[in-house]
>>> print(open('run-v1.txt').read())   # compact mmCIF, C-alpha atoms and all ligand atoms
# COMPACT_ATOMS: atom_id res chain seq x y z
CA MET L 1 -26.63 -38.60 -10.31
CA LEU L 2 -28.73 -37.07 -7.52
CA GLU L 3 -27.94 -39.97 -5.19
CA LYS L 4 -24.22 -39.76 -6.02
CA LEU L 5 -23.90 -36.11 -4.94
CA PRO L 6 -22.70 -35.24 -1.42
CA GLN L 7 -25.64 -35.77 0.96
CA PRO L 8 -27.65 -33.92 2.09
CA VAL L 9 -27.55 -32.09 -1.25
CA ILE L 10 -27.04 -28.34 -1.07
CA PHE L 11 -28.77 -26.37 -3.84
CA ALA L 12 -27.61 -22.78 -4.27
CA HIS L 13 -31.04 -21.13 -4.47
CA ARG L 14 -31.12 -18.89 -7.56
CA GLY L 15 -27.31 -19.24 -7.35
CA ALA L 16 -25.35 -17.89 -4.39
CA SER L 17 -28.07 -15.27 -4.20
CA ALA L 18 -27.10 -13.84 -0.81
CA PHE L 19 -23.96 -12.48 -2.40
CA ALA L 20 -24.77 -11.95 -6.08
CA PRO L 21 -27.92 -11.02 -8.03
CA GLU L 22 -30.31 -13.99 -8.08
CA ASN L 23 -30.63 -16.11 -11.23
CA THR L 24 -27.66 -14.51 -13.01
CA LEU L 25 -24.52 -16.15 -14.36
CA ALA L 26 -22.62 -14.22 -11.66
CA ALA L 27 -24.66 -15.93 -8.93
CA PHE L 28 -24.20 -19.38 -10.48
CA ARG L 29 -20.46 -18.74 -10.98
CA LEU L 30 -20.06 -17.73 -7.35
CA ALA L 31 -21.88 -20.90 -6.25
CA ALA L 32 -19.53 -22.97 -8.42
CA GLU L 33 -16.48 -21.17 -7.04
CA GLN L 34 -17.65 -21.87 -3.51
CA GLY L 35 -17.63 -25.56 -4.41
CA VAL L 36 -21.30 -26.44 -4.06
CA GLU L 37 -22.63 -29.42 -6.02
CA ALA L 38 -26.02 -28.10 -7.15
CA ILE L 39 -27.91 -24.96 -8.15
CA GLU L 40 -31.58 -24.08 -8.40
CA LEU L 41 -32.99 -21.70 -11.01
CA ASP L 42 -36.36 -20.44 -12.26
CA ALA L 43 -37.19 -21.02 -15.93
CA LYS L 44 -39.91 -19.34 -17.98
CA LEU L 45 -40.64 -18.34 -21.59
CA THR L 46 -40.30 -15.00 -23.32
CA ALA L 47 -42.96 -13.74 -25.76
CA ASP L 48 -40.95 -15.25 -28.63
CA GLY L 49 -40.59 -18.62 -26.92
CA GLU L 50 -37.03 -18.52 -25.54
CA VAL L 51 -36.30 -20.07 -22.14
CA VAL L 52 -34.91 -17.47 -19.75
CA VAL L 53 -33.91 -17.65 -16.09
CA ILE L 54 -35.79 -15.22 -13.85
CA HIS L 55 -37.93 -15.70 -10.76
CA ASP L 56 -40.76 -13.17 -10.92
CA MET L 57 -43.53 -13.05 -13.52
CA THR L 58 -42.39 -9.48 -14.29
CA VAL L 59 -38.94 -8.01 -14.81
CA ASP L 60 -39.78 -5.10 -12.48
CA ARG L 61 -38.04 -6.15 -9.26
CA THR L 62 -34.78 -7.59 -10.56
CA THR L 63 -34.07 -5.43 -13.64
CA ASN L 64 -34.32 -1.82 -14.75
CA GLY L 65 -37.23 -2.69 -17.06
CA ARG L 66 -40.95 -3.16 -16.65
CA GLY L 67 -43.46 -5.71 -17.85
CA GLU L 68 -44.36 -9.38 -17.80
CA VAL L 69 -41.66 -11.76 -19.00
CA ARG L 70 -44.17 -13.61 -21.20
CA HIS L 71 -45.05 -10.35 -22.98
CA LEU L 72 -41.44 -9.28 -23.66
CA ARG L 73 -39.28 -10.56 -26.51
CA LEU L 74 -35.83 -11.96 -25.81
CA ASP L 75 -34.09 -8.94 -27.41
CA GLU L 76 -36.06 -6.63 -25.09
CA ILE L 77 -35.18 -8.69 -22.02
CA ARG L 78 -31.52 -8.97 -22.99
CA ARG L 79 -31.16 -5.18 -23.05
CA LEU L 80 -32.06 -5.02 -19.36
CA ASP L 81 -29.65 -4.75 -16.44
CA ALA L 82 -30.29 -7.63 -14.04
CA GLY L 83 -27.43 -6.81 -11.65
CA SER L 84 -27.86 -3.22 -10.44
CA PHE L 85 -30.93 -3.96 -8.32
CA PHE L 86 -28.59 -6.01 -6.13
CA SER L 87 -25.54 -3.74 -6.17
CA ALA L 88 -23.64 -1.41 -8.52
CA GLU L 89 -20.80 -3.93 -8.63
CA PHE L 90 -23.00 -6.22 -10.74
CA ARG L 91 -24.20 -3.59 -13.21
CA GLY L 92 -24.59 -5.05 -16.68
CA GLU L 93 -25.48 -8.61 -15.64
CA LYS L 94 -28.08 -10.00 -18.01
CA VAL L 95 -31.13 -12.19 -17.56
CA PRO L 96 -29.56 -15.47 -18.70
CA LEU L 97 -30.89 -17.91 -21.24
CA LEU L 98 -31.25 -21.43 -19.86
CA ARG L 99 -28.99 -22.44 -22.77
CA GLU L 100 -26.17 -20.28 -21.37
CA VAL L 101 -26.47 -21.86 -17.95
CA PHE L 102 -26.39 -25.35 -19.49
CA GLU L 103 -23.43 -24.37 -21.65
CA GLU L 104 -21.34 -23.05 -18.75
CA PHE L 105 -22.39 -25.28 -15.87
CA GLY L 106 -23.79 -28.43 -17.48
CA ARG L 107 -22.07 -31.60 -16.24
CA ARG L 108 -20.24 -29.49 -13.65
CA LEU L 109 -23.14 -28.65 -11.38
CA PHE L 110 -26.35 -30.57 -10.82
CA ILE L 111 -29.20 -28.26 -11.87
CA ASN L 112 -32.71 -28.03 -10.42
CA VAL L 113 -34.84 -26.36 -13.07
CA GLU L 114 -38.01 -24.99 -11.52
CA LEU L 115 -40.69 -24.74 -14.23
CA THR L 116 -42.25 -21.39 -13.36
CA ASN L 117 -44.86 -20.78 -16.07
CA TYR L 118 -47.39 -20.26 -13.30
CA ASN L 119 -49.35 -17.61 -15.20
CA ALA L 120 -49.27 -19.59 -18.49
CA PRO L 121 -49.49 -23.23 -17.35
CA LEU L 122 -50.30 -24.61 -20.81
CA ASP L 123 -47.41 -22.92 -22.60
CA PRO L 124 -44.66 -25.02 -24.25
CA LEU L 125 -42.10 -24.43 -21.46
CA PRO L 126 -41.66 -28.16 -20.63
CA ILE L 127 -41.16 -28.97 -24.33
CA LYS L 128 -38.53 -26.25 -24.80
CA VAL L 129 -36.69 -27.19 -21.61
CA ALA L 130 -36.70 -30.88 -22.55
CA GLN L 131 -35.22 -30.03 -25.97
CA LEU L 132 -32.36 -28.16 -24.31
CA VAL L 133 -31.69 -31.00 -21.88
CA ARG L 134 -31.46 -33.42 -24.81
CA GLU L 135 -29.27 -31.04 -26.83
CA TYR L 136 -26.76 -30.66 -23.98
CA ARG L 137 -27.13 -34.32 -22.91
CA LEU L 138 -27.87 -33.35 -19.34
CA GLU L 139 -30.43 -36.05 -18.62
CA ASP L 140 -28.37 -37.27 -15.68
CA TRP L 141 -27.65 -33.77 -14.36
CA VAL L 142 -31.07 -32.19 -13.94
CA LEU L 143 -34.00 -32.34 -11.56
CA PHE L 144 -37.30 -30.65 -12.42
CA SER L 145 -39.59 -29.07 -9.88
CA SER L 146 -42.77 -27.04 -9.94
CA PHE L 147 -45.64 -25.97 -7.73
CA ASN L 148 -47.86 -27.00 -10.65
CA PRO L 149 -48.12 -30.82 -10.83
CA TRP L 150 -49.21 -30.60 -14.48
CA ASN L 151 -45.70 -29.38 -15.39
CA LEU L 152 -44.21 -32.44 -13.75
CA ILE L 153 -46.51 -34.79 -15.64
CA ARG L 154 -45.59 -33.07 -18.91
CA ILE L 155 -41.83 -33.05 -18.35
CA HIS L 156 -41.90 -36.64 -17.09
CA ARG L 157 -43.51 -37.74 -20.37
CA LEU L 158 -40.76 -36.00 -22.33
CA LEU L 159 -37.82 -37.03 -20.14
CA PRO L 160 -38.90 -40.10 -18.17
CA GLU L 161 -35.36 -40.75 -16.95
CA CYS L 162 -35.08 -37.41 -15.09
CA PRO L 163 -36.24 -36.99 -11.50
CA VAL L 164 -39.15 -34.66 -10.74
CA ALA L 165 -40.05 -33.00 -7.46
CA LEU L 166 -43.28 -31.44 -6.34
CA LEU L 167 -42.94 -28.08 -4.63
CA ALA L 168 -45.33 -27.68 -1.70
CA LEU L 169 -46.71 -24.24 -0.94
CA GLU L 170 -46.41 -22.97 2.60
CA GLY L 171 -48.86 -24.08 5.29
CA ARG L 172 -52.41 -25.16 4.51
CA ALA L 173 -52.01 -24.28 0.85
CA GLY L 174 -49.42 -27.04 0.52
CA TRP L 175 -51.34 -29.84 2.23
CA LEU L 176 -52.21 -31.67 -0.99
CA ALA L 177 -48.59 -31.82 -2.13
CA ARG L 178 -47.57 -33.10 1.29
CA SER L 179 -50.28 -35.74 1.34
CA ASN L 180 -50.26 -39.25 -0.05
CA PHE L 181 -52.56 -38.24 -2.92
CA MET L 182 -49.67 -36.77 -4.87
CA ARG L 183 -47.74 -40.01 -5.06
CA TRP L 184 -48.78 -40.46 -8.68
CA VAL L 185 -47.16 -37.17 -9.65
CA SER L 186 -44.02 -37.18 -7.59
CA PRO L 187 -43.12 -40.58 -6.29
CA ARG L 188 -39.56 -39.71 -5.44
CA ILE L 189 -39.10 -36.18 -4.15
CA ILE L 190 -40.97 -33.44 -2.31
CA HIS L 191 -39.81 -29.86 -1.77
CA PRO L 192 -41.60 -28.56 1.34
CA PHE L 193 -41.40 -25.09 2.86
CA LEU L 194 -39.06 -24.83 5.86
CA ALA L 195 -41.72 -23.97 8.46
CA ASP L 196 -43.74 -27.08 7.53
CA VAL L 197 -40.89 -29.51 8.17
CA THR L 198 -40.52 -31.48 11.39
CA PRO L 199 -38.47 -34.58 12.21
CA GLU L 200 -41.77 -36.53 12.01
CA SER L 201 -42.68 -35.18 8.58
CA ILE L 202 -39.27 -36.19 7.24
CA THR L 203 -39.68 -39.70 8.66
CA GLN L 204 -43.16 -39.90 7.14
CA GLU L 205 -41.90 -38.87 3.69
CA HIS L 206 -39.07 -41.38 3.95
CA ARG L 207 -41.65 -44.07 4.69
CA ARG L 208 -43.37 -43.01 1.46
CA LYS L 209 -39.96 -43.48 -0.22
CA ARG L 210 -39.70 -39.79 -1.03
CA ARG L 211 -36.62 -37.63 -0.70
CA VAL L 212 -37.15 -34.33 1.14
CA HIS L 213 -35.47 -31.15 -0.14
CA VAL L 214 -36.41 -28.11 1.94
CA TRP L 215 -36.73 -24.47 0.77
CA THR L 216 -35.38 -21.86 1.59
CA VAL L 217 -32.97 -22.32 4.47
CA ASN L 218 -30.58 -19.51 5.31
CA ARG L 219 -30.14 -19.59 9.09
CA ALA L 220 -27.37 -21.70 10.58
CA GLU L 221 -29.64 -23.19 13.26
CA ASP L 222 -32.23 -24.30 10.68
CA LEU L 223 -29.56 -25.85 8.44
CA GLU L 224 -28.11 -27.72 11.37
CA ALA L 225 -31.51 -28.99 12.57
CA LEU L 226 -32.53 -30.19 9.10
CA PHE L 227 -29.24 -32.03 8.59
CA ARG L 228 -29.65 -33.71 11.96
CA TRP L 229 -33.27 -34.66 11.20
CA GLY L 230 -32.20 -36.42 8.00
CA ALA L 231 -33.39 -33.99 5.30
CA ASP L 232 -32.04 -35.09 1.93
CA GLY L 233 -31.38 -31.60 0.62
CA VAL L 234 -31.78 -27.88 1.21
CA PHE L 235 -32.16 -24.79 -0.93
CA THR L 236 -30.11 -21.93 0.40
CA ASP L 237 -29.01 -18.46 -0.67
CA ASP L 238 -25.74 -19.05 1.22
CA PRO L 239 -24.26 -22.34 0.03
CA ALA L 240 -20.88 -21.70 1.70
CA LEU L 241 -22.53 -21.55 5.12
CA ALA L 242 -24.58 -24.67 4.39
CA MET L 243 -21.47 -26.61 3.32
CA GLN L 244 -19.66 -25.56 6.49
CA ILE L 245 -22.54 -26.77 8.65
CA ARG L 246 -22.92 -30.00 6.68
CA SER L 247 -19.29 -30.90 7.25
CA ARG L 248 -19.63 -30.13 10.96
CA VAL L 249 -22.79 -32.19 11.40
CA LYS L 250 -21.40 -35.12 9.45
CA THR L 251 -18.19 -35.42 11.45
O1 LIG J 301 -37.30 -24.40 -5.53
C1 LIG J 301 -37.26 -23.86 -4.24
C2 LIG J 301 -37.77 -22.45 -4.29
O2 LIG J 301 -37.07 -21.79 -5.31
C3 LIG J 301 -39.24 -22.34 -4.54
O3 LIG J 301 -39.71 -21.06 -4.36
O4 LIG J 301 -40.36 -18.83 -5.06
O5 LIG J 301 -37.97 -19.28 -4.49
O6 LIG J 301 -38.95 -20.17 -6.60
P1 LIG J 301 -39.22 -19.79 -5.15
MG MG J 302 -37.36 -21.33 -7.48
>>> encode(input="run-v1.txt", output="structure tokens")
Amino acid sequence: MLEKLPQPVIFAHRGASAFAPENTLAAFRLAAEQGVEAIELDAKLTADGEVVVIHDMTVDRTTNGRGEVRHLRLDEIRRLDAGSFFSAEFRGEKVPLLREVFEEFGRRLFINVELTNYNAPLDPLPIKVAQLVREYRLEDWVLFSSFNPWNLIRIHRLLPECPVALLALEGRAGWLARSNFMRWVSPRIIHPFLADVTPESITQEHRRKRRVHVWTVNRAEDLEALFRWGADGVFTDDPALAMQIRSRVKT
């Protein structure tokens, strides 16, 4: 499916998160309304083993609660307001379950699930996510990414037909992911940080037969440059702007 989407692929990063609270159904709905083909979201486990969609390790920044996601039960997390931090208009938005996102947007939007169990790398997150993908028959509609290559190895064993992408940390910290050594983990796709991308690095990745999806690109001039350099995808908080620029660059 990834190759059949409009190219370069535009991923609404945490939904249309410039205009709605990140990683909420409201942000994914807005992205869908704007007509984008793909979304990105951050998946992790609650204390009772449910897969929820939230970026940070704690609920502190994006909700009215406190504490680490992995130490809170689903019922505790579901009581929290995940909209007000962004604006009063979104008061009452919840931290979504991955199941809810699959239910509402599955087979309508292509979904990049970032496996974000970075403080519990051996937890069963890949197993739970794979079960949901099978249940909703979304094998052709998902792409998995993670900064932790071990997650990609695990999810690839469970869902060998789904593409996986290695996220590269910024700068020197991401050199291993950007090098040839990581071919065995992520033969097809790399997600580098914007400041590390040059026309030459894109050409080099293409020579390695890897797609290049760049995070996180919000400025018009950066979007335009990446599209001209041949990037295969971008993550952006403003998918409407990215779509406008894509259509201009392509014509
Ligand atoms: O997947 C692209 C991007 O989401 C990775 O960084 O911290 O926004 O999850 P982060
Ligand atoms: Mg992410």
>>> residues_near_ligand(input="run-v1.txt", ligand="ligand LIG 301 (chain J)", cutoff="9 Å", atoms="all atoms listed in the file", output="VMD selection string")
chain L and resid 11 13 to 14 40 to 42 55 to 56 112 to 114 116 145 to 147 167 to 169 191 to 193 213 to 216 234 to 236
>>> write_last_selection(input="run-v1.txt", atoms="C-alpha atoms", output="compact mmCIF listing (two decimals), in the coordinates of the input")
# COMPACT_ATOMS: atom_id res chain seq x y z
CA PHE L 11 -28.77 -26.37 -3.84
CA HIS L 13 -31.04 -21.13 -4.47
CA ARG L 14 -31.12 -18.89 -7.56
CA GLU L 40 -31.58 -24.08 -8.40
CA LEU L 41 -32.99 -21.70 -11.01
CA ASP L 42 -36.36 -20.44 -12.26
CA HIS L 55 -37.93 -15.70 -10.76
CA ASP L 56 -40.76 -13.17 -10.92
CA ASN L 112 -32.71 -28.03 -10.42
CA VAL L 113 -34.84 -26.36 -13.07
CA GLU L 114 -38.01 -24.99 -11.52
CA THR L 116 -42.25 -21.39 -13.36
CA SER L 145 -39.59 -29.07 -9.88
CA SER L 146 -42.77 -27.04 -9.94
CA PHE L 147 -45.64 -25.97 -7.73
CA LEU L 167 -42.94 -28.08 -4.63
CA ALA L 168 -45.33 -27.68 -1.70
CA LEU L 169 -46.71 -24.24 -0.94
CA HIS L 191 -39.81 -29.86 -1.77
CA PRO L 192 -41.60 -28.56 1.34
CA PHE L 193 -41.40 -25.09 2.86
CA HIS L 213 -35.47 -31.15 -0.14
CA VAL L 214 -36.41 -28.11 1.94
CA TRP L 215 -36.73 -24.47 0.77
CA THR L 216 -35.38 -21.86 1.59
CA VAL L 234 -31.78 -27.88 1.21
CA PHE L 235 -32.16 -24.79 -0.93
CA THR L 236 -30.11 -21.93 0.40
>>> atom_distance(input="run-v1.txt", atom1="atom CA of L:Ala47", atom2="atom CA of L:Phe85")
23.3 Å
>>> closest_residue(input="run-v1.txt", among="L:Leu166, L:Ile202, L:Ala240, L:Val185", to="L:Arg228", atoms="only C-alpha atoms")
L:Ile202
>>> closest_residue(input="run-v1.txt", among="L:Glu139, L:Glu50, L:Asp75, L:Glu104", to="L:Val164", atoms="all atoms listed in the file")
L:Glu139
>>> residues_around(input="run-v1.txt", residues="L:Asn151", least_positions_apart="3", cutoff="7 Å", atoms="all atoms listed in the file", output="list of chain:residue names")
L:Leu115, L:Pro126, L:Ser146, L:Asn148, L:Arg154, L:Ile155
>>> atom_distance(input="run-v1.txt", atom1="atom CA of L:Phe144", atom2="atom CA of L:Glu221")
27.8 Å
>>> closest_residue(input="run-v1.txt", among="L:Ser17, L:Thr46, L:Gln204, L:Asn119", to="ligand MG 302 (chain J)", atoms="only C-alpha atoms and all ligand atoms")
L:Ser17
>>> atom_distance(input="run-v1.txt", atom1="atom CA of L:Lys4", atom2="atom CA of L:Val52")
28.3 Å
>>> residues_around(input="run-v1.txt", residues="L:Ser201", least_positions_apart="6", cutoff="10 Å", atoms="all atoms listed in the file", output="PDB file with C-alpha atoms, in the coordinates of the input")
ATOM      1  CA  ARG L 178     -47.570 -33.100   1.290  1.00  0.00           C
ATOM      2  CA  PRO L 192     -41.600 -28.560   1.340  1.00  0.00           C
ATOM      3  CA  ARG L 207     -41.650 -44.070   4.690  1.00  0.00           C
ATOM      4  CA  VAL L 212     -37.150 -34.330   1.140  1.00  0.00           C
ATOM      5  CA  TRP L 229     -33.270 -34.660  11.200  1.00  0.00           C
ATOM      6  CA  ALA L 231     -33.390 -33.990   5.300  1.00  0.00           C
TER       7      ALA L 231
END
